[in-house]
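**Student:** query-v2.cif is the file, holding mmCIF, C-alpha atoms:
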```
data_protein
loop_
_atom_site.label_atom_id
_atom_site.label_comp_id
_atom_site.auth_asym_id
_atom_site.auth_seq_id
_atom_site.Cartn_x
_atom_site.Cartn_y
_atom_site.Cartn_z
CA MET J 1 77.35 35.54 63.79
CA SER J 2 78.42 32.59 63.14
CA ALA J 3 77.73 29.95 65.75
CA ARG J 4 80.50 30.89 68.10
CA ALA J 5 78.41 31.72 71.19
CA THR J 6 79.79 30.51 74.51
CA ALA J 7 77.72 28.56 77.03
CA ALA J 8 77.92 31.32 79.60
CA ALA J 9 78.99 34.93 79.94
CA ALA J 10 79.60 37.51 82.60
CA ALA J 11 76.56 39.53 83.62
CA THR J 12 76.54 42.81 81.76
CA ALA J 13 74.11 45.73 81.61
CA VAL J 14 73.77 47.61 78.36
CA ALA J 15 72.26 51.06 77.84
CA VAL J 16 70.39 51.35 74.55
CA ALA J 17 68.26 54.30 73.57
CA GLY J 18 68.27 55.51 77.15
CA THR J 19 66.92 52.24 78.58
CA VAL J 20 69.01 49.96 80.78
CA LEU J 21 68.65 46.38 79.54
CA MET J 22 69.05 43.59 82.06
CA PRO J 23 71.79 40.98 81.60
CA LEU J 24 70.81 37.75 79.86
CA SER J 25 72.18 34.50 81.25
CA ALA J 26 72.86 31.28 79.35
CA TYR J 27 69.67 29.40 78.56
CA ALA J 28 71.36 26.07 79.23
CA ALA J 29 72.18 26.93 82.86
CA PRO J 30 69.78 25.75 85.61
CA ALA J 31 67.54 28.44 87.07
CA GLU J 32 68.22 27.48 90.67
CA THR J 33 70.89 25.18 92.08
CA GLY J 34 69.43 21.78 92.87
CA ASN J 35 65.95 22.63 91.54
CA GLN J 36 64.16 21.73 88.34
CA ARG J 37 63.12 24.51 86.02
CA PRO J 38 59.58 25.19 87.14
CA LEU J 39 57.95 26.93 84.14
CA LYS J 40 56.25 25.44 81.08
CA ILE J 41 55.16 27.44 78.04
CA THR J 42 52.35 26.52 75.66
CA MET J 43 51.30 28.36 72.49
CA GLY J 44 47.76 28.02 71.17
CA ALA J 45 46.75 27.75 67.53
CA PRO J 46 46.81 31.07 65.63
CA ALA J 47 43.53 32.59 64.51
CA PRO J 48 42.39 33.14 61.90
CA SER J 49 44.10 30.13 60.39
CA GLY J 50 45.93 30.34 57.09
CA PRO J 51 49.20 31.78 55.80
CA LEU J 52 50.44 35.28 56.51
CA THR J 53 50.87 37.72 53.66
CA ARG J 54 53.09 40.80 53.45
CA GLY J 55 51.07 43.74 54.65
CA GLY J 56 48.05 41.51 55.16
CA ALA J 57 45.93 40.59 58.17
CA ALA J 58 47.67 39.62 61.40
CA GLU J 59 46.98 36.51 63.47
CA THR J 60 46.71 36.03 67.23
CA PHE J 61 47.48 33.16 69.55
CA GLU J 62 47.50 32.61 73.29
CA LEU J 63 50.78 32.15 75.13
CA THR J 64 50.51 30.57 78.57
CA VAL J 65 53.21 30.01 81.17
CA ALA J 66 52.45 27.53 83.97
CA ASN J 67 54.34 27.32 87.25
CA THR J 68 54.68 23.69 88.30
CA SER J 69 56.37 24.48 91.61
CA ASP J 70 54.90 25.24 95.04
CA GLN J 71 56.54 28.67 95.12
CA PRO J 72 56.01 31.85 93.08
CA HIS J 73 58.51 32.19 90.27
CA SER J 74 59.77 34.95 87.99
CA PHE J 75 59.23 34.75 84.25
CA HIS J 76 61.36 36.71 81.75
CA PRO J 77 59.55 36.22 78.41
CA TRP J 78 61.54 36.04 75.21
CA ILE J 79 60.27 35.21 71.72
CA LEU J 80 62.79 34.42 68.97
CA GLY J 81 61.87 34.74 65.30
CA THR J 82 63.71 32.83 62.57
CA PRO J 83 62.74 33.15 58.89
CA ALA J 84 63.26 30.35 56.39
CA GLY J 85 65.39 32.09 53.80
CA ALA J 86 68.44 34.18 53.04
CA SER J 87 67.72 37.56 54.62
CA PRO J 88 67.90 38.64 58.27
CA LEU J 89 64.82 40.47 59.52
CA GLN J 90 64.48 44.17 60.17
CA LYS J 91 62.25 45.47 62.95
CA SER J 92 59.57 46.62 60.51
CA ASP J 93 59.40 43.24 58.78
CA VAL J 94 57.26 41.67 61.53
CA LEU J 95 54.31 43.18 63.42
CA PHE J 96 54.29 42.25 67.12
CA LYS J 97 51.93 43.07 69.97
CA VAL J 98 51.24 41.48 73.36
CA GLU J 99 48.23 41.97 75.65
CA GLY J 100 47.65 40.41 79.07
CA VAL J 101 44.64 38.11 79.39
CA THR J 102 45.12 36.74 82.90
CA ALA J 103 48.51 38.44 83.12
CA PRO J 104 49.11 42.02 84.33
CA ALA J 105 49.12 44.92 81.86
CA THR J 106 51.97 44.38 79.43
CA GLU J 107 54.30 46.43 77.25
CA SER J 108 56.16 44.92 74.28
CA PHE J 109 58.79 45.86 71.72
CA ILE J 110 60.96 44.34 69.01
CA GLY J 111 64.66 43.81 69.66
CA GLN J 112 67.56 42.59 67.56
CA GLN J 113 70.81 40.89 68.55
CA ASP J 114 73.33 38.89 66.52
CA GLY J 115 71.18 39.43 63.45
CA GLY J 116 68.14 37.79 65.01
CA TRP J 117 64.57 39.00 65.53
CA GLN J 118 63.31 39.13 69.12
CA GLY J 119 59.92 39.90 70.61
CA ILE J 120 60.27 41.19 74.19
CA PHE J 121 57.56 42.01 76.73
CA HIS J 122 57.45 43.01 80.39
CA PRO J 123 55.05 44.42 83.02
CA ALA J 124 53.68 47.82 81.97
CA GLY J 125 55.30 50.76 83.69
CA LYS J 126 58.39 48.79 84.71
CA LYS J 127 61.90 48.69 83.30
CA VAL J 128 62.84 46.39 80.46
CA GLY J 129 63.99 43.13 82.01
CA GLU J 130 61.60 43.29 84.98
CA PRO J 131 59.94 39.85 85.22
CA PHE J 132 56.37 38.73 85.67
CA GLU J 133 55.63 36.79 88.86
CA VAL J 134 53.85 33.49 88.21
CA PRO J 135 51.96 32.26 91.32
CA ALA J 136 52.76 28.86 92.82
CA GLY J 137 50.86 26.25 90.83
CA GLY J 138 49.32 29.06 88.75
CA LYS J 139 49.31 30.32 85.18
CA LEU J 140 49.58 33.59 83.27
CA THR J 141 48.18 34.03 79.76
CA TRP J 142 48.79 36.65 77.06
CA LYS J 143 47.32 37.27 73.63
CA VAL J 144 50.14 37.67 71.09
CA THR J 145 49.56 39.25 67.66
CA ILE J 146 51.89 38.51 64.74
CA GLY J 147 51.81 39.82 61.17
CA LEU J 148 54.13 40.46 58.26
CA GLY J 149 55.08 44.00 57.28
CA LYS J 150 55.09 45.04 53.65
CA SER J 151 58.88 44.96 53.84
CA TYR J 152 59.10 41.28 54.86
CA PRO J 153 61.89 40.06 52.53
CA THR J 154 60.78 38.32 49.35
CA ASN J 155 63.65 35.86 49.82
CA ASP J 156 62.29 34.76 53.22
CA GLY J 157 59.50 32.23 53.64
CA ASP J 158 57.88 30.71 56.73
CA LEU J 159 58.47 32.40 60.08
CA LYS J 160 59.34 30.24 63.09
CA LEU J 161 58.59 31.64 66.55
CA GLN J 162 60.03 30.10 69.70
CA ALA J 163 58.82 31.33 73.08
CA THR J 164 61.09 30.84 76.06
CA SER J 165 62.65 32.73 78.98
CA TYR J 166 66.08 34.36 79.00
CA ASP J 167 66.54 33.55 82.69
CA ALA J 168 66.82 29.77 82.21
CA ASP J 169 63.69 28.92 84.16
CA VAL J 170 61.66 27.20 81.41
CA THR J 171 61.59 23.43 81.16
CA GLU J 172 59.36 23.44 78.08
CA ALA J 173 59.45 26.15 75.42
CA GLY J 174 56.75 26.70 72.83
CA THR J 175 57.12 26.77 69.05
CA LEU J 176 54.87 27.95 66.21
CA ILE J 177 55.59 28.10 62.49
CA PHE J 178 53.64 30.68 60.51
CA LYS J 179 53.26 29.77 56.86
CA THR J 180 53.67 32.63 54.41
CA ASP J 181 52.07 33.36 51.06
CA PRO J 182 53.35 33.20 48.40
CA VAL J 183 55.29 30.02 49.02
CA ILE J 184 58.96 30.39 48.09
CA LYS J 185 61.99 28.16 47.70
CA PRO J 186 64.24 29.32 50.57
CA GLY J 187 67.86 29.93 49.74
CA SER J 188 70.96 31.51 51.24
CA LEU J 189 73.73 34.00 50.56
CA GLU J 190 76.96 32.16 49.80
CA THR J 191 80.37 33.81 49.98
CA TRP J 192 83.88 32.46 49.58
CA ILE J 193 87.44 33.53 48.78
CA ASP J 194 89.60 31.70 46.26
CA ARG J 195 92.44 32.09 43.72
CA ILE J 196 94.92 33.29 46.35
CA ASN J 197 98.07 33.87 44.33
CA PRO J 198 101.22 36.02 44.29
CA CYS J 199 100.57 39.50 42.94
CA GLN J 200 100.98 39.99 39.21
CA ASP J 201 103.15 43.09 39.66
CA LYS J 202 106.10 40.80 40.51
CA THR J 203 106.22 41.90 44.16
CA ALA J 204 107.91 39.21 46.29
CA GLU J 205 105.50 36.36 47.00
CA LEU J 206 105.37 36.86 50.76
CA GLN J 207 104.95 40.62 50.34
CA CYS J 208 101.75 40.63 48.27
CA ARG J 209 98.79 38.35 47.56
CA GLU J 210 95.83 38.71 45.22
CA MET J 211 92.52 36.87 45.64
CA ASP J 212 88.88 36.83 44.56
CA LEU J 213 85.89 37.35 46.87
CA HIS J 214 82.61 35.89 45.61
CA HIS J 215 78.95 36.38 46.56
CA ARG J 216 76.08 34.33 45.21
CA ALA J 217 72.42 34.17 46.26
CA THR J 218 70.28 31.05 45.94
CA GLY J 219 66.56 30.46 46.22
CA ASP J 220 63.58 32.61 45.30
CA GLY J 221 63.23 36.33 45.89
CA GLU J 222 65.86 38.99 46.46
CA PHE J 223 67.38 41.17 49.16
CA GLY J 224 65.30 44.28 49.77
CA THR J 225 68.30 46.09 51.29
CA ALA J 226 71.79 46.70 49.94
CA LEU J 227 74.51 44.41 51.30
CA ALA J 228 77.71 45.72 52.91
CA THR J 229 80.94 43.71 53.19
CA TYR J 230 83.73 44.53 55.63
CA LEU J 231 87.25 43.05 55.80
CA THR J 232 89.32 42.36 58.91
CA MET J 233 92.67 40.66 59.46
CA ASN J 234 94.47 38.69 62.16
CA LEU J 235 98.16 37.69 62.15
CA SER J 236 99.33 34.47 63.75
CA ASP J 237 102.35 36.10 65.42
CA GLY J 238 100.16 38.57 67.31
CA THR J 239 101.21 41.59 65.27
CA SER J 240 98.30 43.87 64.45
CA ALA J 241 97.43 44.56 60.83
CA GLU J 242 98.37 48.20 61.43
CA GLU J 243 101.81 47.30 62.82
CA ALA J 244 102.36 44.89 59.95
CA ASP J 245 101.31 47.68 57.56
CA ILE J 246 99.23 45.28 55.48
CA ARG J 247 97.36 47.36 52.95
CA LEU J 248 94.10 46.11 51.49
CA GLN J 249 93.17 47.16 47.99
CA VAL J 250 90.34 46.48 45.57
CA GLN J 251 90.58 46.47 41.80
CA THR J 252 88.16 48.92 40.18
CA ASP J 253 88.14 49.57 36.43
CA GLY J 254 91.54 47.92 36.17
CA GLN J 255 93.09 50.14 38.85
CA TRP J 256 94.04 49.23 42.43
CA LYS J 257 92.39 51.46 45.03
CA ASP J 258 93.19 51.51 48.74
CA LEU J 259 90.51 50.49 51.23
CA SER J 260 90.30 52.57 54.41
CA ALA J 261 90.67 51.14 57.90
CA LYS J 262 88.58 54.06 59.17
CA ASP J 263 85.42 52.68 57.57
CA GLY J 264 86.24 49.05 58.39
CA TYR J 265 87.76 48.26 54.98
CA ARG J 266 84.24 48.44 53.57
CA LEU J 267 83.79 47.34 49.98
CA ALA J 268 81.31 48.92 47.59
CA ASP J 269 77.81 47.82 48.59
CA ILE J 270 75.95 45.19 46.62
CA PRO J 271 72.79 47.08 45.53
CA LYS J 272 69.41 45.96 46.83
CA GLY J 273 67.62 43.50 44.59
CA PHE J 274 70.49 41.00 44.70
CA GLY J 275 69.16 37.48 44.14
CA GLU J 276 69.75 34.25 42.30
CA ALA J 277 68.97 35.93 38.99
CA SER J 278 71.79 38.42 39.63
CA GLY J 279 74.38 35.69 39.15
CA GLU J 280 77.73 35.55 40.91
CA ARG J 281 79.40 38.77 42.05
CA LYS J 282 83.23 38.75 42.13
CA VAL J 283 85.59 41.32 43.65
CA HIS J 284 89.36 41.20 43.06
CA LEU J 285 91.35 42.02 46.22
CA ARG J 286 94.99 42.53 47.09
CA ALA J 287 96.82 42.44 50.44
CA LYS J 288 100.25 44.05 50.31
CA VAL J 289 102.92 44.53 52.99
CA GLY J 290 103.73 48.24 53.13
CA PRO J 291 107.12 49.92 53.63
CA ASN J 292 106.42 50.74 57.28
CA SER J 293 105.88 47.13 58.31
CA LYS J 294 107.11 46.11 61.77
CA LEU J 295 106.95 42.39 61.02
CA LYS J 296 109.83 40.51 62.65
CA LYS J 297 109.20 37.10 61.17
CA GLU J 298 107.01 35.14 58.80
CA SER J 299 103.37 35.13 59.86
CA THR J 300 100.05 33.75 58.65
CA VAL J 301 97.32 36.28 57.88
CA THR J 302 93.68 35.29 58.24
CA LEU J 303 91.52 37.61 56.16
CA TYR J 304 87.81 37.72 57.07
CA ALA J 305 85.07 39.04 54.80
CA GLU J 306 81.81 39.65 56.69
CA THR J 307 78.57 40.61 54.96
CA ALA J 308 75.58 42.33 56.54
CA LEU J 309 72.54 44.33 55.54
CA ALA J 310 73.82 47.83 54.76
CA GLU J 311 71.27 49.49 57.05
CA GLY J 312 69.00 48.65 59.96
CA ASN J 313 69.91 45.19 61.24
CA THR J 314 73.62 45.49 60.38
CA HIS J 315 74.97 42.46 62.23
CA PRO J 316 76.97 40.20 59.84
CA PHE J 317 75.06 37.07 58.87
CA VAL J 318 77.52 35.45 56.46
CA ASP J 319 81.31 35.39 56.37
CA ALA J 320 84.25 33.82 54.57
CA GLN J 321 87.96 33.66 55.31
CA ALA J 322 91.28 33.07 53.62
CA LYS J 323 94.77 32.33 54.95
CA PHE J 324 98.08 33.29 53.42
CA LYS J 325 101.65 33.92 54.60
CA VAL J 326 103.52 37.22 54.83
CA ALA J 327 107.09 37.97 55.86
CA PRO J 328 109.40 40.93 56.47
CA ALA J 329 111.06 42.35 53.39
CA THR J 330 114.64 41.21 52.89
CA THR J 331 117.07 43.78 51.48
CA PRO J 332 120.53 42.18 50.95
CA THR J 333 123.40 44.60 50.45
CA SER J 334 126.56 44.01 48.39
CA PRO J 335 129.91 43.69 50.25
CA SER J 336 132.01 46.84 50.13
CA PRO J 337 135.64 46.30 49.01
CA SER J 338 138.18 46.81 51.77
CA PRO J 339 140.92 49.38 51.24
CA SER J 340 144.15 47.72 50.19
CA GLY J 341 146.39 46.88 53.11
CA SER J 342 143.82 47.89 55.73
CA ALA J 343 143.74 45.55 58.71
CA THR J 344 141.09 47.43 60.65
CA THR J 345 138.28 47.53 58.08
CA LYS J 346 135.72 44.73 58.44
CA PRO J 347 133.99 43.52 55.29
CA SER J 348 130.21 44.02 55.31
CA THR J 349 128.05 40.92 55.29
CA SER J 350 124.92 40.24 53.28
CA PRO J 351 121.93 38.93 55.21
CA SER J 352 120.26 35.98 53.53
CA PRO J 353 116.55 35.12 53.49
CA SER J 354 115.48 32.85 56.32
CA ALA J 355 115.06 29.18 55.59
CA SER J 356 111.52 29.25 56.93
CA ALA J 357 110.47 31.98 54.51
CA SER J 358 111.94 30.08 51.56
CA ALA J 359 110.34 26.83 52.59
CA SER J 360 107.00 28.52 53.14
CA ALA J 361 107.06 30.23 49.77
CA SER J 362 107.83 26.93 48.08
CA ALA J 363 105.10 25.11 49.93
CA SER J 364 102.50 27.79 49.40
CA ALA J 365 103.07 27.79 45.66
CA THR J 366 101.75 24.23 45.46
CA THR J 367 98.79 24.61 47.80
CA THR J 368 95.42 23.42 46.53
CA THR J 369 92.36 25.11 48.02
CA THR J 370 89.01 23.38 48.28
CA THR J 371 86.10 25.58 49.30
CA THR J 372 82.64 24.19 49.97
CA THR J 373 79.65 26.51 49.69
CA GLY J 374 76.16 25.19 50.21
CA GLY J 375 76.96 21.86 48.58
CA ASN J 376 79.10 23.35 45.79
CA THR J 377 82.82 22.67 45.83
CA HIS J 378 85.36 25.09 44.37
CA THR J 379 88.89 23.73 43.94
CA THR J 380 91.73 26.00 42.94
CA GLY J 381 95.51 25.67 42.88
CA ASN J 382 96.92 28.76 44.56
CA GLY J 383 99.30 30.09 47.14
CA GLY J 384 96.91 30.19 50.09
CA SER J 385 93.67 28.81 51.37
CA GLY J 386 90.11 30.11 51.15
CA SER J 387 87.07 28.92 53.02
CA LEU J 388 83.40 29.58 53.56
CA ALA J 389 82.87 30.20 57.25
CA HIS J 390 79.10 30.46 57.43
CA THR J 391 76.18 31.22 55.12
CA GLY J 392 72.53 32.11 55.41
CA ALA J 393 70.14 33.71 57.90
CA ASP J 394 69.41 30.48 59.72
CA SER J 395 69.20 28.91 63.17
CA ASN J 396 72.99 28.51 63.37
CA THR J 397 73.68 32.04 64.57
CA GLY J 398 75.07 32.82 68.02
CA LEU J 399 71.59 33.89 69.08
CA TYR J 400 69.98 30.51 68.35
CA SER J 401 72.66 27.95 69.20
CA GLY J 402 71.04 26.35 72.23
CA LEU J 403 69.61 29.79 72.98
CA ALA J 404 73.08 30.85 74.08
CA VAL J 405 74.02 34.08 75.78
CA VAL J 406 72.92 37.31 74.13
CA LEU J 407 72.25 40.86 75.17
CA VAL J 408 68.95 42.21 73.88
CA GLY J 409 69.61 45.23 71.69
CA LEU J 410 67.13 47.67 70.21
CA GLY J 411 69.40 48.12 67.19
CA GLY J 412 72.18 46.37 65.36
CA ALA J 413 75.03 48.88 65.62
CA ALA J 414 76.26 47.83 69.05
CA ALA J 415 76.16 44.19 68.06
CA TRP J 416 78.15 44.92 64.88
CA LEU J 417 80.88 46.76 66.77
CA GLY J 418 81.06 43.97 69.34
CA ALA J 419 81.36 41.36 66.64
CA ARG J 420 84.19 43.24 64.99
CA ARG J 421 86.02 43.55 68.32
CA ARG J 422 85.65 39.82 68.82
CA LYS J 423 86.89 39.20 65.31
CA ALA J 424 89.96 41.33 65.94
CA VAL J 425 91.20 39.06 68.71
CA ARG J 426 90.47 35.75 67.02
CA GLY J 427 93.47 33.61 66.17
#
```
Would you write out, as structure tokens, the structure that this file holds?
**Tutor:**
Amino acid sequence: MSARATAAAAATAVAVAGTVLMPLSAYAAPAETGNQRPLKITMGAPAPSGPLTRGGAAETFELTVANTSDQPHSFHPWILGTPAGASPLQKSDVLFKVEGVTAPATESFIGQQDGGWQGIFHPAGKKVGEPFEVPAGGKLTWKVTIGLGKSYPTNDGDLKLQATSYDADVTEAGTLIFKTDPVIKPGSLETWIDRINPCQDKTAELQCREMDLHHRATGDGEFGTALATYLTMNLSDGTSAEEADIRLQVQTDGQWKDLSAKDGYRLADIPKGFGEASGERKVHLRAKVGPNSKLKKESTVTLYAETALAEGNTHPFVDAQAKFKVAPATTPTSPSPSPSGSATTKPSTSPSPSASASASASASATTTTTTTTGGNTHTTGNGGSGSLAHTGADSNTGLYSGLAVVLVGLGGAAAWLGARRRKAVRG
């Protein structure tokens, strides 16, 4: 999602749609200890020349991998597609086909992981992940066909393709940029949280916070799919949001309505067609400590708002976060008068609020939040902090950061669940 990919990961096999996908290793790791990466990829000029149009004619180019070593070597082909614009790609947005020229018969398919588009191919009749064998000092060549589907997002422009190997055995990758028609001004989806203040219903400051979540699109075109936003929370003391009984609510028609943990605290979808002309969308949220809270001490909540396409490629591609403090409720009791002349009755004592809670409440009331979104700065005086974590469908995702570790997925659901599990353990 955001660019949080690690440089390496444990080998893992994933079953998707009945097919076992092979583990992908970190691109940055050497293919063989002590040896240079032996493979070089070149991509020929596309034909016919000219820009691609949605639903129009496709173009073909030759992809060649050369083995510079004196030994046969395996090749695990992997093509990454990155659009210039705001929207992630769905499978149907790009047409993809691969045929062997001097290479063996080939099968291909489109995969998606971490919101990114992937073109995958392998020897026909073999399992996904089975490599091609490139002879010592030899070459293999394929004809690759690329086109734009009618559904290619109107808020996406040129398509960048990068051909490499997911087994870290390529010393030179290949890159092509396909121009698209019509030419657009690429933009992004910006999201941020601000105006984090004590609740207006006079609930104690560290028991309830209100805030605004914003979405704004820039650039030409619009999203062809509705947008879904999910909320998650982490607490700095390690307490889960369920144990802390922090209840998330959204204001609708002037009334506060509970959000359900069962559906991932999903907000109402932003309808398809959202673009720059739609203006800014604002949602008023509230986080309130419930009566069943097991909080033992003051803690900092980090609230994450992650936005994804509502269907198809549902991996989050933009997120924002806010921080605010919560604390256990304090319920002082009045001393009970002792019976006259009683020497055995002990007077009751009244617990007082902790110094840390008082100091925190005082400090948070004077906090100034500065949020930067795509070059725009929002400054608000409030009782917490809001920030824009990441915006846009760009090359800064976990998939594209140095071609870091990913698992090829045929769909986005597994990736979304994995991302939310990772989010749940973030501090």
**Student:** Name every residue that the PyMOL selection byres ((chain J and resi 200-204) around 10) selects in this structure, writing the answer as a VMD selection string with chains first and numbers rising.
**Tutor:** chain J and resid 197 to 199 205 to 210 288 to 289 326 to 327 329 to 330 361
**Student:** Please evaluate the PyMOL selection byres ((chain J and resi 96-110) around 6) against the structure above and give the resulting residues as a PDB file with C-alpha atoms, in the coordinates of the input.
**Tutor:**
```
ATOM      1  CA  LEU J  95      54.310  43.180  63.420  1.00  0.00           C
ATOM      2  CA  GLY J 111      64.660  43.810  69.660  1.00  0.00           C
ATOM      3  CA  GLN J 118      63.310  39.130  69.120  1.00  0.00           C
ATOM      4  CA  GLY J 119      59.920  39.900  70.610  1.00  0.00           C
ATOM      5  CA  ILE J 120      60.270  41.190  74.190  1.00  0.00           C
ATOM      6  CA  PHE J 121      57.560  42.010  76.730  1.00  0.00           C
ATOM      7  CA  HIS J 122      57.450  43.010  80.390  1.00  0.00           C
ATOM      8  CA  PRO J 123      55.050  44.420  83.020  1.00  0.00           C
ATOM      9  CA  ALA J 124      53.680  47.820  81.970  1.00  0.00           C
ATOM     10  CA  LEU J 140      49.580  33.590  83.270  1.00  0.00           C
ATOM     11  CA  THR J 141      48.180  34.030  79.760  1.00  0.00           C
ATOM     12  CA  TRP J 142      48.790  36.650  77.060  1.00  0.00           C
ATOM     13  CA  LYS J 143      47.320  37.270  73.630  1.00  0.00           C
ATOM     14  CA  VAL J 144      50.140  37.670  71.090  1.00  0.00           C
ATOM     15  CA  THR J 145      49.560  39.250  67.660  1.00  0.00           C
ATOM     16  CA  ILE J 146      51.890  38.510  64.740  1.00  0.00           C
TER      17      ILE J 146
END
```
**Student:** With a distance cut-off of 9 Å and all atoms listed in the file, select the neighbouring residues of stretch 79-90 of chain J, excluding the residue or stretch itself and same-chain residues fewer than 5 positions from it, and output the selection as a ChimeraX atom specification.
**Tutor:** /J:112,115-121,151-165,184-189,217-220,222-224,308-309,312-313,315,317,391-395,399-400
**Student:** Which residues, written as a ChimeraX atom specification, have at least one atom at most 7 Å from stretch 231-242 of chain J, with only C-alpha atoms counted and residues fewer than 2 positions away on the same chain left out?
**Tutor:** /J:229,244-246,264-266,299-306,424,426-427
**Student:** Can you give me, as a list in words, the residues this file yields under the PyMOL selection byres ((chain J and resi 70) around 6)?
**Tutor:**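 Written out, the selection comes to Ser69, Gln71, Ala136 and Gly137 of chain J.
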**Student:** What does the structure give for the distance between atom CA of J:Asp253 and atom CA of J:Gly279, in Å to one decimal?
**Tutor:**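 These two atoms are separated by 19.7 Å.
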**Student:** When you draw a straight line from atom CA of J:Gln251 to atom CA of J:His284, how long is it in Å?
**Tutor:** 5.6 Å
**Student:** Expressed in Å to a single decimal, how great is the separation between atom CA of J:Val65 and atom CA of J:Ile41?
**Tutor:** 4.5 Å
**Student:** Would you mind telling me which residue in J:Leu148, J:Ile196, J:Ala322, J:Val250 lies nearest to J:Lys179 when using all atoms listed in the file?
**Tutor:** J:Leu148
**Student:** Write out as a ChimeraX atom specification which residues come within 10 Å of J:Ser49 when counting all atoms listed in the file, dropping same-chain ones fewer than 6 positions away.
**Tutor:** /J:59-60,178-179
**Student:** Would you pick out the contacts of J:Leu227 at 9 Å or less, using only C-alpha atoms, so that residues sharing its chain but fewer than 2 positions from it are not included, and give the list as JSON, numbers by chain?
**Tutor:** {"J": [223, 225, 229, 268, 269, 270, 271, 272, 274, 307, 308, 309, 310, 311]}
